[in-house]
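Student: I have a structure I would like to understand better, so I am pasting it below and will then ask my questions one at a time.
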Amino acid sequence: MKRTWVYPSDGEPYEIEVGGYRGETLTTVRGDIEPFRSPDGAMISGRKEWREHLKRTDTIEMGHSDVKYAQQEWNKKKEIQRERLKGQVATVQEFDRPGSPIAPMRMSGLNVEMANRLHNRPMPERKEMIKMTLDQMKRMK
């Protein structure tokens, strides 16, 4: 069956089904939709108002196939994130177990330079510490 819209000059548009068996024309008239509240809280009382609301809010109405597509895309992104995190888990260092001897920590060059720079000086404010660290990083490059 083919569906088409009829736009009368004196009333609301409505959808009809055209077509039938052996060339017969079968016309079905669908009435307007029942009033409902949109997801953003606006009260919608008909198809025309719903179309205007969609245009005004720059949104689209999703069908079942759109929801399935969105779900598939979400699952792909989730899988990509899961794979990315698997690679990061391999690089995480294990913590020392309680009661075992403390393993020596290898300090980065930046840590060593900042420790030397701050030796026997009062601890700077947070912003000043960030500036000093960024400055030291630039020097090390």
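Chain labels A, B, ... are given in the sequence in which chains occur in the structure tokens; within each chain residues are numbered consecutively from 1, and ligands are likewise numbered from 1 in the order shown.
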List the neighbours of range 106-122 of chain A out to 12 Å using only C-alpha atoms; skip same-chain residues closer than 4 positions along the sequence, and give me the result as a ChimeraX atom specification.
Tutor: /A:93,128-141
Student: Let's see if you can do this: from backbone DSSP, list all helix (DSSP H, G or I) residues in chain A, as number ranges by chain.
Tutor: A: 21-23, 47-57, 64-91, 109-118, 126-140
Student: Using C-alpha atoms, can you write the selected residues to a file as a PDB file, in the first residue's frame?
Tutor:
```pdb
ATOM      1  CA  TYR A  21      -6.149  -5.332  -5.267  1.00  0.00           C
ATOM      2  CA  ARG A  22      -6.466  -5.498  -9.120  1.00  0.00           C
ATOM      3  CA  GLY A  23      -6.366  -1.774  -9.688  1.00  0.00           C
ATOM      4  CA  ARG A  47       0.733  16.232  13.903  1.00  0.00           C
ATOM      5  CA  LYS A  48       1.114  19.806  12.694  1.00  0.00           C
ATOM      6  CA  GLU A  49       2.151  21.014  16.130  1.00  0.00           C
ATOM      7  CA  TRP A  50       4.554  18.035  16.424  1.00  0.00           C
ATOM      8  CA  ARG A  51       6.231  18.887  13.076  1.00  0.00           C
ATOM      9  CA  GLU A  52       6.549  22.538  14.131  1.00  0.00           C
ATOM     10  CA  HIS A  53       7.960  21.487  17.505  1.00  0.00           C
ATOM     11  CA  LEU A  54      10.571  19.272  15.792  1.00  0.00           C
ATOM     12  CA  LYS A  55      11.611  22.145  13.510  1.00  0.00           C
ATOM     13  CA  ARG A  56      11.688  24.660  16.368  1.00  0.00           C
ATOM     14  CA  THR A  57      13.851  22.444  18.579  1.00  0.00           C
ATOM     15  CA  HIS A  64      12.850   1.621  15.150  1.00  0.00           C
ATOM     16  CA  SER A  65      15.573   1.330  12.508  1.00  0.00           C
ATOM     17  CA  ASP A  66      17.160   4.592  13.709  1.00  0.00           C
ATOM     18  CA  VAL A  67      17.244   3.320  17.286  1.00  0.00           C
ATOM     19  CA  LYS A  68      18.804   0.035  16.141  1.00  0.00           C
ATOM     20  CA  TYR A  69      21.470   1.944  14.175  1.00  0.00           C
ATOM     21  CA  ALA A  70      22.211   4.214  17.152  1.00  0.00           C
ATOM     22  CA  GLN A  71      22.484   1.145  19.417  1.00  0.00           C
ATOM     23  CA  GLN A  72      24.891  -0.534  16.978  1.00  0.00           C
ATOM     24  CA  GLU A  73      27.062   2.603  16.811  1.00  0.00           C
ATOM     25  CA  TRP A  74      27.076   2.819  20.618  1.00  0.00           C
ATOM     26  CA  ASN A  75      28.122  -0.840  20.873  1.00  0.00           C
ATOM     27  CA  LYS A  76      30.975  -0.214  18.392  1.00  0.00           C
ATOM     28  CA  LYS A  77      32.218   2.738  20.464  1.00  0.00           C
ATOM     29  CA  LYS A  78      31.957   0.666  23.649  1.00  0.00           C
ATOM     30  CA  GLU A  79      33.998  -2.141  22.067  1.00  0.00           C
ATOM     31  CA  ILE A  80      36.669   0.314  20.865  1.00  0.00           C
ATOM     32  CA  GLN A  81      36.891   1.758  24.398  1.00  0.00           C
ATOM     33  CA  ARG A  82      37.076  -1.737  25.907  1.00  0.00           C
ATOM     34  CA  GLU A  83      39.940  -2.670  23.551  1.00  0.00           C
ATOM     35  CA  ARG A  84      41.753   0.590  24.363  1.00  0.00           C
ATOM     36  CA  LEU A  85      41.457  -0.087  28.083  1.00  0.00           C
ATOM     37  CA  LYS A  86      42.741  -3.669  27.684  1.00  0.00           C
ATOM     38  CA  GLY A  87      45.975  -2.224  26.310  1.00  0.00           C
ATOM     39  CA  GLN A  88      46.274   0.164  29.227  1.00  0.00           C
ATOM     40  CA  VAL A  89      45.762  -2.544  31.842  1.00  0.00           C
ATOM     41  CA  ALA A  90      48.926  -4.257  30.588  1.00  0.00           C
ATOM     42  CA  THR A  91      50.971  -1.114  31.292  1.00  0.00           C
ATOM     43  CA  GLY A 109      63.723  13.010  34.731  1.00  0.00           C
ATOM     44  CA  LEU A 110      61.111  15.679  35.362  1.00  0.00           C
ATOM     45  CA  ASN A 111      60.576  14.474  38.931  1.00  0.00           C
ATOM     46  CA  VAL A 112      64.308  14.576  39.619  1.00  0.00           C
ATOM     47  CA  GLU A 113      64.714  18.063  38.144  1.00  0.00           C
ATOM     48  CA  MET A 114      61.737  19.427  40.115  1.00  0.00           C
ATOM     49  CA  ALA A 115      62.999  17.836  43.333  1.00  0.00           C
ATOM     50  CA  ASN A 116      66.414  19.454  42.814  1.00  0.00           C
ATOM     51  CA  ARG A 117      64.855  22.801  42.014  1.00  0.00           C
ATOM     52  CA  LEU A 118      62.657  22.763  45.155  1.00  0.00           C
ATOM     53  CA  ARG A 126      49.601  25.155  43.358  1.00  0.00           C
ATOM     54  CA  LYS A 127      49.542  27.582  40.409  1.00  0.00           C
ATOM     55  CA  GLU A 128      53.201  28.444  40.859  1.00  0.00           C
ATOM     56  CA  MET A 129      54.059  24.726  41.043  1.00  0.00           C
ATOM     57  CA  ILE A 130      52.228  24.086  37.760  1.00  0.00           C
ATOM     58  CA  LYS A 131      54.045  26.995  36.097  1.00  0.00           C
ATOM     59  CA  MET A 132      57.401  25.722  37.339  1.00  0.00           C
ATOM     60  CA  THR A 133      56.647  22.190  36.124  1.00  0.00           C
ATOM     61  CA  LEU A 134      55.614  23.384  32.670  1.00  0.00           C
ATOM     62  CA  ASP A 135      58.702  25.603  32.483  1.00  0.00           C
ATOM     63  CA  GLN A 136      60.920  22.666  33.453  1.00  0.00           C
ATOM     64  CA  MET A 137      59.255  20.453  30.811  1.00  0.00           C
ATOM     65  CA  LYS A 138      60.048  23.072  28.137  1.00  0.00           C
ATOM     66  CA  ARG A 139      63.681  23.191  29.256  1.00  0.00           C
ATOM     67  CA  MET A 140      64.005  19.399  29.096  1.00  0.00           C
TER      68      MET A 140
END
```
Student: What's the 6 Å shell around range 27-36 of chain A, counting only C-alpha atoms, without same-chain residues fewer than 5 positions away, as number ranges by chain?
Tutor: A: 15-18, 43-46
Student: Could you state the separation of CA of Arg3 in chain A and CA of Thr59 in chain A in Å, given to one decimal place?
Tutor: 23.6 Å
Student: Please report, as a ChimeraX atom specification, each residue of chain A to which DSSP assigns strand (DSSP E) when run on this structure's backbone.
Tutor: /A:2-6,14-18,28-30,36-37,43-44
Student: Those same residues - C-alpha atoms - I'd like them written as a compact mmCIF listing (two decimals), in the first residue's frame.
Tutor:
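The file below, part_23.txt, is the result:
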```txt
# COMPACT_ATOMS: atom_id res chain seq x y z
CA LYS A 2 1.20 3.48 -0.79
CA ARG A 3 0.80 6.23 1.79
CA THR A 4 0.35 9.86 0.91
CA TRP A 5 -0.62 13.08 2.66
CA VAL A 6 -3.65 15.19 1.76
CA TYR A 14 -4.09 13.90 7.02
CA GLU A 15 -2.46 10.74 5.75
CA ILE A 16 -4.21 8.26 3.46
CA GLU A 17 -3.34 4.86 2.01
CA VAL A 18 -3.85 4.51 -1.72
CA THR A 28 -7.94 4.95 4.27
CA VAL A 29 -7.98 8.15 6.30
CA ARG A 30 -5.84 8.34 9.42
CA PHE A 36 0.85 13.94 24.41
CA ARG A 37 3.78 15.49 26.25
CA MET A 43 2.32 19.61 25.30
CA ILE A 44 1.69 18.47 21.70
```
Student: So the first atom is CA of Asp58 in chain A and the second is CA of Asp40 in chain A; what is the distance between them in Å, to one decimal place?
Tutor: 12.4 Å
